[in-house]
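Chemist: Just so it is clear, I am handing over model14.pdb, which has PDB, C-alpha atoms and all ligand atoms.
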ATOM      1  CA  MET A  10       0.603  -1.302 -24.465  1.00  0.00           C
ATOM      2  CA  ALA A  11      -1.941  -4.083 -24.935  1.00  0.00           C
ATOM      3  CA  ALA A  12      -0.171  -6.073 -22.197  1.00  0.00           C
ATOM      4  CA  TYR A  13      -0.179  -3.054 -19.869  1.00  0.00           C
ATOM      5  CA  ASP A  14      -3.907  -2.541 -20.471  1.00  0.00           C
ATOM      6  CA  ALA A  15      -4.677  -6.216 -19.844  1.00  0.00           C
ATOM      7  CA  ILE A  16      -2.683  -6.267 -16.597  1.00  0.00           C
ATOM      8  CA  HIS A  17      -4.211  -2.986 -15.440  1.00  0.00           C
ATOM      9  CA  ARG A  18      -7.756  -4.184 -16.158  1.00  0.00           C
ATOM     10  CA  MET A  19      -7.155  -7.484 -14.387  1.00  0.00           C
ATOM     11  CA  MET A  20      -5.611  -5.704 -11.376  1.00  0.00           C
ATOM     12  CA  SER A  21      -8.437  -3.140 -11.137  1.00  0.00           C
ATOM     13  CA  GLU A  22     -11.155  -5.792 -11.349  1.00  0.00           C
ATOM     14  CA  THR A  23      -9.421  -7.925  -8.711  1.00  0.00           C
ATOM     15  CA  TRP A  24      -8.872  -4.900  -6.462  1.00  0.00           C
ATOM     16  CA  GLU A  25     -12.545  -3.903  -6.702  1.00  0.00           C
ATOM     17  CA  ASP A  26     -13.726  -7.448  -6.029  1.00  0.00           C
ATOM     18  CA  THR A  27     -11.504  -7.558  -2.918  1.00  0.00           C
ATOM     19  CA  TYR A  28     -11.700  -4.052  -1.479  1.00  0.00           C
ATOM     20  CA  GLY A  29     -14.690  -2.422  -3.204  1.00  0.00           C
ATOM     21  CA  CYS A  30     -16.951  -3.203  -0.240  1.00  0.00           C
ATOM     22  CA  TYR A  31     -14.791  -1.024   2.051  1.00  0.00           C
ATOM     23  CA  PHE A  32     -15.751   2.159   0.197  1.00  0.00           C
ATOM     24  CA  THR A  33     -18.854   4.039  -0.881  1.00  0.00           C
ATOM     25  CA  ALA A  34     -19.445   4.569  -4.589  1.00  0.00           C
ATOM     26  CA  ALA A  35     -18.230   8.142  -4.131  1.00  0.00           C
ATOM     27  CA  GLN A  36     -14.999   7.043  -2.403  1.00  0.00           C
ATOM     28  CA  LEU A  37     -14.244   4.174  -4.775  1.00  0.00           C
ATOM     29  CA  PRO A  38     -12.398   5.943  -7.659  1.00  0.00           C
ATOM     30  CA  GLU A  39     -10.101   7.834  -5.260  1.00  0.00           C
ATOM     31  CA  ALA A  40      -9.511   4.722  -3.127  1.00  0.00           C
ATOM     32  CA  ARG A  41      -8.659   2.632  -6.198  1.00  0.00           C
ATOM     33  CA  ARG A  42      -6.282   5.321  -7.469  1.00  0.00           C
ATOM     34  CA  LEU A  43      -4.505   5.720  -4.112  1.00  0.00           C
ATOM     35  CA  TRP A  44      -4.231   1.977  -3.513  1.00  0.00           C
ATOM     36  CA  LEU A  45      -3.051   0.984  -6.952  1.00  0.00           C
ATOM     37  CA  ASP A  46      -0.805   4.042  -7.448  1.00  0.00           C
ATOM     38  CA  ALA A  47       1.127   3.097  -4.301  1.00  0.00           C
ATOM     39  CA  LEU A  48       2.971   0.836  -6.762  1.00  0.00           C
ATOM     40  CA  PRO A  49       2.282   2.270 -10.219  1.00  0.00           C
ATOM     41  CA  LEU A  50       2.017  -0.526 -12.752  1.00  0.00           C
ATOM     42  CA  ALA A  51       4.134   1.189 -15.426  1.00  0.00           C
ATOM     43  CA  SER A  52       6.985   1.775 -12.947  1.00  0.00           C
ATOM     44  CA  ALA A  53       6.748  -1.770 -11.630  1.00  0.00           C
ATOM     45  CA  LEU A  54       6.975  -3.221 -15.141  1.00  0.00           C
ATOM     46  CA  ALA A  55       9.989  -1.045 -15.973  1.00  0.00           C
ATOM     47  CA  ASP A  56      11.911  -1.488 -12.700  1.00  0.00           C
ATOM     48  CA  PRO A  57      14.741  -4.040 -13.097  1.00  0.00           C
ATOM     49  CA  ASN A  58      14.881  -4.420  -9.307  1.00  0.00           C
ATOM     50  CA  LEU A  59      11.361  -5.826  -9.188  1.00  0.00           C
ATOM     51  CA  PHE A  60      10.473  -9.446  -9.875  1.00  0.00           C
ATOM     52  CA  PHE A  61       7.281  -9.442 -11.980  1.00  0.00           C
ATOM     53  CA  VAL A  62       5.686 -12.657 -13.228  1.00  0.00           C
ATOM     54  CA  LEU A  63       2.329 -13.144 -14.961  1.00  0.00           C
ATOM     55  CA  ALA A  64       0.182 -16.276 -14.739  1.00  0.00           C
ATOM     56  CA  TRP A  65      -1.920 -17.363 -17.721  1.00  0.00           C
ATOM     57  CA  ASP A  66      -4.907 -19.678 -17.679  1.00  0.00           C
ATOM     58  CA  GLU A  67      -5.044 -20.859 -21.303  1.00  0.00           C
ATOM     59  CA  THR A  68      -5.134 -17.466 -23.090  1.00  0.00           C
ATOM     60  CA  ALA A  69      -6.552 -15.435 -20.184  1.00  0.00           C
ATOM     61  CA  LEU A  70      -4.389 -13.338 -17.897  1.00  0.00           C
ATOM     62  CA  ALA A  71      -5.146 -14.959 -14.538  1.00  0.00           C
ATOM     63  CA  GLY A  72      -2.786 -13.238 -12.105  1.00  0.00           C
ATOM     64  CA  PHE A  73       0.572 -11.794 -11.302  1.00  0.00           C
ATOM     65  CA  VAL A  74       3.122 -11.388  -8.541  1.00  0.00           C
ATOM     66  CA  VAL A  75       5.439  -8.439  -7.879  1.00  0.00           C
ATOM     67  CA  ALA A  76       8.272  -8.904  -5.396  1.00  0.00           C
ATOM     68  CA  GLN A  77      11.421  -7.090  -4.351  1.00  0.00           C
ATOM     69  CA  LEU A  78      14.583  -8.202  -2.604  1.00  0.00           C
ATOM     70  CA  LEU A  79      15.229  -5.579   0.078  1.00  0.00           C
ATOM     71  CA  ASP A  80      18.652  -4.381   1.274  1.00  0.00           C
ATOM     72  CA  SER A  81      17.975  -6.413   4.431  1.00  0.00           C
ATOM     73  CA  ASN A  82      17.960  -9.511   2.164  1.00  0.00           C
ATOM     74  CA  ASP A  83      14.267 -10.027   2.917  1.00  0.00           C
ATOM     75  CA  LEU A  84      11.988 -10.751  -0.030  1.00  0.00           C
ATOM     76  CA  PHE A  85       8.932  -8.470   0.067  1.00  0.00           C
ATOM     77  CA  LEU A  86       5.850  -9.636  -1.828  1.00  0.00           C
ATOM     78  CA  LEU A  87       4.450  -6.306  -3.015  1.00  0.00           C
ATOM     79  CA  ARG A  88       1.415  -7.639  -4.882  1.00  0.00           C
ATOM     80  CA  VAL A  89      -0.124 -11.045  -5.490  1.00  0.00           C
ATOM     81  CA  TYR A  90      -3.308 -10.726  -7.544  1.00  0.00           C
ATOM     82  CA  VAL A  91      -5.366 -13.567  -8.982  1.00  0.00           C
ATOM     83  CA  HIS A  92      -8.497 -12.546 -10.880  1.00  0.00           C
ATOM     84  CA  PRO A  93     -11.731 -13.702  -9.165  1.00  0.00           C
ATOM     85  CA  GLU A  94     -12.599 -15.910 -12.168  1.00  0.00           C
ATOM     86  CA  HIS A  95      -9.345 -17.844 -11.643  1.00  0.00           C
ATOM     87  CA  GLN A  96      -9.095 -18.054  -7.858  1.00  0.00           C
ATOM     88  CA  ARG A  97      -8.919 -21.313  -5.858  1.00  0.00           C
ATOM     89  CA  ARG A  98      -7.049 -23.153  -8.627  1.00  0.00           C
ATOM     90  CA  GLY A  99      -3.586 -22.967  -7.086  1.00  0.00           C
ATOM     91  CA  ILE A 100      -2.454 -19.972  -9.161  1.00  0.00           C
ATOM     92  CA  GLY A 101      -1.696 -17.750  -6.142  1.00  0.00           C
ATOM     93  CA  THR A 102       0.358 -20.553  -4.587  1.00  0.00           C
ATOM     94  CA  MET A 103       2.240 -21.053  -7.860  1.00  0.00           C
ATOM     95  CA  LEU A 104       3.009 -17.324  -8.158  1.00  0.00           C
ATOM     96  CA  VAL A 105       4.310 -17.106  -4.595  1.00  0.00           C
ATOM     97  CA  ASN A 106       6.431 -20.225  -5.134  1.00  0.00           C
ATOM     98  CA  ARG A 107       7.908 -18.735  -8.326  1.00  0.00           C
ATOM     99  CA  ALA A 108       8.916 -15.553  -6.482  1.00  0.00           C
ATOM    100  CA  VAL A 109      10.381 -17.439  -3.529  1.00  0.00           C
ATOM    101  CA  MET A 110      12.306 -19.822  -5.781  1.00  0.00           C
ATOM    102  CA  ALA A 111      13.821 -16.874  -7.679  1.00  0.00           C
ATOM    103  CA  PHE A 112      15.476 -15.635  -4.464  1.00  0.00           C
ATOM    104  CA  PRO A 113      16.765 -18.797  -2.766  1.00  0.00           C
ATOM    105  CA  ASP A 114      19.072 -16.826  -0.455  1.00  0.00           C
ATOM    106  CA  ALA A 115      16.393 -14.491   0.921  1.00  0.00           C
ATOM    107  CA  ALA A 116      16.438 -14.454   4.717  1.00  0.00           C
ATOM    108  CA  THR A 117      12.709 -13.948   5.214  1.00  0.00           C
ATOM    109  CA  ILE A 118       9.627 -13.627   2.990  1.00  0.00           C
ATOM    110  CA  ARG A 119       7.464 -10.670   4.034  1.00  0.00           C
ATOM    111  CA  LEU A 120       4.213  -9.005   3.017  1.00  0.00           C
ATOM    112  CA  ASP A 121       1.363  -6.830   4.256  1.00  0.00           C
ATOM    113  CA  VAL A 122      -2.287  -7.890   4.025  1.00  0.00           C
ATOM    114  CA  GLU A 123      -5.339  -5.838   4.981  1.00  0.00           C
ATOM    115  CA  GLU A 124      -6.943  -7.385   8.077  1.00  0.00           C
ATOM    116  CA  GLY A 125     -10.462  -7.439   6.575  1.00  0.00           C
ATOM    117  CA  ASN A 126      -9.281  -9.242   3.443  1.00  0.00           C
ATOM    118  CA  LYS A 127     -10.476 -12.668   4.568  1.00  0.00           C
ATOM    119  CA  ARG A 128      -9.386 -14.434   1.365  1.00  0.00           C
ATOM    120  CA  GLY A 129      -5.927 -12.886   1.583  1.00  0.00           C
ATOM    121  CA  VAL A 130      -5.483 -13.661   5.286  1.00  0.00           C
ATOM    122  CA  ALA A 131      -6.658 -17.275   4.798  1.00  0.00           C
ATOM    123  CA  PHE A 132      -4.298 -17.655   1.836  1.00  0.00           C
ATOM    124  CA  TRP A 133      -1.226 -16.387   3.704  1.00  0.00           C
ATOM    125  CA  LYS A 134      -2.003 -18.463   6.786  1.00  0.00           C
ATOM    126  CA  GLN A 135      -2.332 -21.527   4.571  1.00  0.00           C
ATOM    127  CA  GLN A 136       1.135 -20.643   3.200  1.00  0.00           C
ATOM    128  CA  ALA A 137       2.428 -20.700   6.829  1.00  0.00           C
ATOM    129  CA  PHE A 138       2.989 -16.937   7.123  1.00  0.00           C
ATOM    130  CA  GLN A 139       2.728 -15.532  10.644  1.00  0.00           C
ATOM    131  CA  GLU A 140       1.682 -12.101  11.838  1.00  0.00           C
ATOM    132  CA  THR A 141       4.499  -9.854  13.079  1.00  0.00           C
ATOM    133  CA  GLY A 142       2.695  -6.528  13.555  1.00  0.00           C
ATOM    134  CA  ARG A 143      -0.038  -4.122  12.452  1.00  0.00           C
ATOM    135  CA  LYS A 144      -0.002  -0.703  10.788  1.00  0.00           C
ATOM    136  CA  PRO A 145      -3.068   1.555  10.754  1.00  0.00           C
ATOM    137  CA  MET A 146      -3.683   3.485   7.524  1.00  0.00           C
ATOM    138  CA  THR A 147      -6.317   5.761   6.032  1.00  0.00           C
ATOM    139  CA  VAL A 148      -7.376   5.360   2.393  1.00  0.00           C
ATOM    140  CA  ALA A 149      -9.889   7.843   0.924  1.00  0.00           C
ATOM    141  CA  GLY A 150     -11.049   8.641   4.456  1.00  0.00           C
ATOM    142  CA  VAL A 151     -11.556   4.995   5.462  1.00  0.00           C
ATOM    143  CA  SER A 152      -9.450   3.477   8.268  1.00  0.00           C
ATOM    144  CA  ILE A 153      -7.836   0.150   7.488  1.00  0.00           C
ATOM    145  CA  SER A 154      -5.226  -1.968   9.226  1.00  0.00           C
ATOM    146  CA  LEU A 155      -2.355  -3.682   7.452  1.00  0.00           C
ATOM    147  CA  VAL A 156      -1.188  -6.931   9.014  1.00  0.00           C
ATOM    148  CA  ALA A 157       2.536  -7.524   8.506  1.00  0.00           C
ATOM    149  CA  MET A 158       3.314 -11.218   7.976  1.00  0.00           C
ATOM    150  CA  GLU A 159       6.454 -13.191   7.342  1.00  0.00           C
ATOM    151  CA  LYS A 160       7.945 -16.644   7.138  1.00  0.00           C
ATOM    152  CA  ARG A 161      11.399 -18.137   6.710  1.00  0.00           C
ATOM    153  CA  PRO A 162      11.887 -19.905   3.380  1.00  0.00           C
ATOM    154  CA  ALA A 163      11.829 -23.694   3.574  1.00  0.00           C
TER     155      ALA A 163
HETATM  156  C1  LIG B   1      -5.336 -14.213  -2.054  1.00  0.00           C
HETATM  157  C2  LIG B   1      -5.229 -14.734  -3.489  1.00  0.00           C
HETATM  158  C3  LIG B   1      -3.912 -14.271  -4.096  1.00  0.00           C
HETATM  159  C4  LIG B   1      -5.245 -16.278  -3.464  1.00  0.00           C
HETATM  160  O1  LIG B   1      -5.034 -16.744  -4.783  1.00  0.00           O
HETATM  161  P1  LIG B   1      -5.618 -18.174  -5.264  1.00  0.00           P
HETATM  162  O2  LIG B   1      -5.037 -18.486  -6.586  1.00  0.00           O
HETATM  163  O3  LIG B   1      -7.091 -18.165  -5.167  1.00  0.00           O
HETATM  164  O4  LIG B   1      -5.014 -19.116  -4.134  1.00  0.00           O
HETATM  165  P2  LIG B   1      -4.803 -20.708  -4.196  1.00  0.00           P
HETATM  166  O5  LIG B   1      -5.773 -21.338  -5.126  1.00  0.00           O
HETATM  167  O6  LIG B   1      -3.356 -20.969  -4.449  1.00  0.00           O
HETATM  168  O7  LIG B   1      -5.185 -21.100  -2.683  1.00  0.00           O
HETATM  169  C5  LIG B   1      -4.317 -21.779  -1.829  1.00  0.00           C
HETATM  170  C6  LIG B   1      -5.016 -21.969  -0.498  1.00  0.00           C
HETATM  171  O8  LIG B   1      -5.198 -20.707   0.165  1.00  0.00           O
HETATM  172  C7  LIG B   1      -6.428 -20.742   0.919  1.00  0.00           C
HETATM  173  N1  LIG B   1      -7.405 -19.842   0.307  1.00  0.00           N
HETATM  174  C8  LIG B   1      -7.292 -19.204  -0.873  1.00  0.00           C
HETATM  175  N2  LIG B   1      -8.409 -18.466  -1.104  1.00  0.00           N
HETATM  176  C9  LIG B   1      -9.240 -18.685  -0.065  1.00  0.00           C
HETATM  177  C10 LIG B   1     -10.549 -18.229   0.265  1.00  0.00           C
HETATM  178  N3  LIG B   1     -11.245 -17.427  -0.574  1.00  0.00           N
HETATM  179  N4  LIG B   1     -11.105 -18.646   1.416  1.00  0.00           N
HETATM  180  C11 LIG B   1     -10.437 -19.479   2.253  1.00  0.00           C
HETATM  181  N5  LIG B   1      -9.192 -19.960   1.986  1.00  0.00           N
HETATM  182  C12 LIG B   1      -8.601 -19.548   0.855  1.00  0.00           C
HETATM  183  C13 LIG B   1      -6.958 -22.163   0.780  1.00  0.00           C
HETATM  184  O9  LIG B   1      -6.392 -22.928   1.835  1.00  0.00           O
HETATM  185  C14 LIG B   1      -6.385 -22.592  -0.565  1.00  0.00           C
HETATM  186  O10 LIG B   1      -6.277 -23.969  -0.724  1.00  0.00           O
HETATM  187  P3  LIG B   1      -7.585 -24.818  -1.243  1.00  0.00           P
HETATM  188  O11 LIG B   1      -8.162 -24.072  -2.414  1.00  0.00           O
HETATM  189  O12 LIG B   1      -6.998 -26.152  -1.598  1.00  0.00           O
HETATM  190  O13 LIG B   1      -8.527 -24.855  -0.072  1.00  0.00           O
HETATM  191  C15 LIG B   1      -6.449 -14.286  -4.347  1.00  0.00           C
HETATM  192  O14 LIG B   1      -7.634 -14.547  -3.618  1.00  0.00           O
HETATM  193  C16 LIG B   1      -6.413 -12.819  -4.688  1.00  0.00           C
HETATM  194  O15 LIG B   1      -5.749 -12.405  -5.633  1.00  0.00           O
HETATM  195  N6  LIG B   1      -7.154 -11.988  -3.917  1.00  0.00           N
HETATM  196  C17 LIG B   1      -7.229 -10.563  -4.227  1.00  0.00           C
HETATM  197  C18 LIG B   1      -5.905  -9.839  -4.041  1.00  0.00           C
HETATM  198  C19 LIG B   1      -5.314 -10.175  -2.691  1.00  0.00           C
HETATM  199  O16 LIG B   1      -6.006 -10.176  -1.682  1.00  0.00           O
HETATM  200  N7  LIG B   1      -4.007 -10.440  -2.696  1.00  0.00           N
HETATM  201  C20 LIG B   1      -3.268 -10.733  -1.465  1.00  0.00           C
HETATM  202  C21 LIG B   1      -3.257  -9.545  -0.604  1.00  0.00           C
HETATM  203  S1  LIG B   1      -1.721  -9.285   0.180  1.00  0.00           S
END
Can you dump the structure from the file as structure tokens?
Ligand SMILES: CC(C)(COP(=O)(O)OP(=O)(O)OC[C@H]1O[C@@H](n2cnc3c(N)ncnc32)[C@H](O)[C@@H]1OP(=O)(O)O)[C@@H](O)C(=O)NCCC(=O)NCCS
Modeler:
Amino acid sequence: MAAYDAIHRMMSETWEDTYGCYFTAAQLPEARRLWLDALPLASALADPNLFFVLAWDETALAGFVVAQLLDSNDLFLLRVYVHPEHQRRGIGTMLVNRAVMAFPDAATIRLDVEEGNKRGVAFWKQQAFQETGRKPMTVAGVSISLVAMEKRPA
């Protein structure tokens, strides 16, 4: 349970640092719940079909990746979170590489990133992902747009 709590705290803090500015203080708890419950942490940890790897920086939990091989043989990166205190040290790149290397036969690597998430968009572009489409969504009454991106493995 201590591990669950540590991952959940790290994920919540990273989520709020990334998306907190989209929402008012009144909207924030509901937005965080809706966003993070789209892939509940307990289910993700227990699901044998999900690839889940943690990254540690010395003794601190720095980040994690959750990925799934789809029936289409595409690898979908469901979450890549690196805590703000550990960003820009190559940890996100390492996590993505670990997931991609675990599925060497995947046809395509895919993900969705929110268009206003400048850090996320810059990161995926630097990893040579390209936009393939957009999906509008509403979270806690706020309109957002998910950018679908993909790349072929090297
Ligand atoms: C996006 C995220 C995973 C990147 O993780 P990271 O460990 O900081 O990434 P890396 O250190 O491996 O960065 C690799 C490259 O991506 C680009 N990049 C990463 N963060 C960036 C930023 N804030 N601004 C501009 N470029 C950025 C840079 O080119 C960087 O290389 P450099 O540091 O040598 O310039 C991290 O910012 C994060 O967890 N954000 C919150 C959650 C999120 O948005 N996840 C992805 C949404 S789908």
Chemist: Please identify the residues whose atoms come within 9 Å of ligand LIG 1 (chain B), using all atoms listed in the file, and report them as a ChimeraX atom specification.
Modeler: /A:20,23-28,71-74,86-93,95-105,120-123,126-136
Chemist: In terms of the shortest atom-to-atom distance over all atoms listed in the file, which of A:Trp65, A:Ser154, A:Ala163, A:Asn82 is closest to A:Met110?
Modeler: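 Of the candidates, the smallest distance to A:Met110 is held by A:Ala163.
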Chemist: Return the single residue from A:Leu54, A:Asp46, A:Ala15, A:Arg119 that is closest to A:Val148, with distances computed using only C-alpha atoms.
Modeler: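 The shortest atom-to-atom distance to A:Val148 comes from A:Asp46.
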Chemist: So how many Å separate atom CA of A:Pro57 and atom CA of A:Arg41, to one decimal?
Modeler: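 Answer for the atom CA of A:Pro57 to atom CA of A:Arg41 separation: 25.3 Å.
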Chemist: Name the closest residue to A:Ala55 among the candidates A:Val151, A:Leu70, A:Lys144, A:Val75; distances are taken between atoms, counting only C-alpha atoms.
Modeler: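 Of the candidates, the smallest distance to A:Ala55 is held by A:Val75.
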Chemist: Give me the stretch 59-105 of chain A side of the contact with stretch 113-116 of chain A, cut-off 8 Å, one line per residue showing its nearest atom pair and distance in Å at one decimal, counting all atoms listed in the file, sorted by chain and residue number, as JSON lines.
Modeler:
{"residue": "A:Leu78", "atom": "CA", "partner": "A:Ala115", "partner_atom": "CA", "distance": 7.4}
{"residue": "A:Asn82", "atom": "CA", "partner": "A:Ala115", "partner_atom": "CA", "distance": 5.4}
{"residue": "A:Asp83", "atom": "CA", "partner": "A:Ala116", "partner_atom": "CA", "distance": 5.2}
{"residue": "A:Leu84", "atom": "CA", "partner": "A:Ala115", "partner_atom": "CA", "distance": 5.9}
Chemist: Export, as a PDB file, keeping the file's coordinate frame, the selected residues with C-alpha atoms.
Modeler:
ATOM      1  CA  LEU A  78      14.583  -8.202  -2.604  1.00  0.00           C
ATOM      2  CA  ASN A  82      17.960  -9.511   2.164  1.00  0.00           C
ATOM      3  CA  ASP A  83      14.267 -10.027   2.917  1.00  0.00           C
ATOM      4  CA  LEU A  84      11.988 -10.751  -0.030  1.00  0.00           C
TER       5      LEU A  84
END
Chemist: With only C-alpha atoms as the counted atoms, please give the residues lying no more than 8 Å from A:Phe138, apart from itself and same-chain residues fewer than 5 positions off, as a ChimeraX atom specification.
Modeler: /A:133,158-160
Chemist: Kindly indicate which residue among A:Thr68, A:Val109, A:Pro162, A:Arg143 lies nearest to A:Glu124, using all atoms listed in the file for the distances.
Modeler: A:Arg143
Chemist: As an exercise, work out the distance from atom CA of A:Tyr13 to atom CA of A:Leu48 in Å and give it to one decimal place.
Modeler: 14.0 Å
Chemist: Work out how far apart atom CA of A:Phe60 and atom CA of A:Phe112 are and give it in Å to one decimal.
Modeler: 9.6 Å
Chemist: Here's a test: counting all atoms listed in the file, identify every protein, DNA and RNA residue with an atom at most 6 Å from (15.5, -7.6, -6.8) in the file's coordinate frame, and state them as a list in words.
Modeler: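 Residues lying no farther than 6 Å from the given point: Asn58, Leu59, Gln77 and Leu78 of chain A.
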Chemist: Of the residues A:Glu140, A:Ile153, A:Leu45, A:Gln36, which is the one nearest to A:His17, using only C-alpha atoms?
Modeler: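 Closest candidate: A:Leu45.
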Chemist: From the list A:Ser21, A:Leu155, A:Glu94, A:Ile16, which residue is nearest A:Pro38 when using all atoms listed in the file?
Modeler: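 Closest to A:Pro38 of all the choices is A:Ser21.
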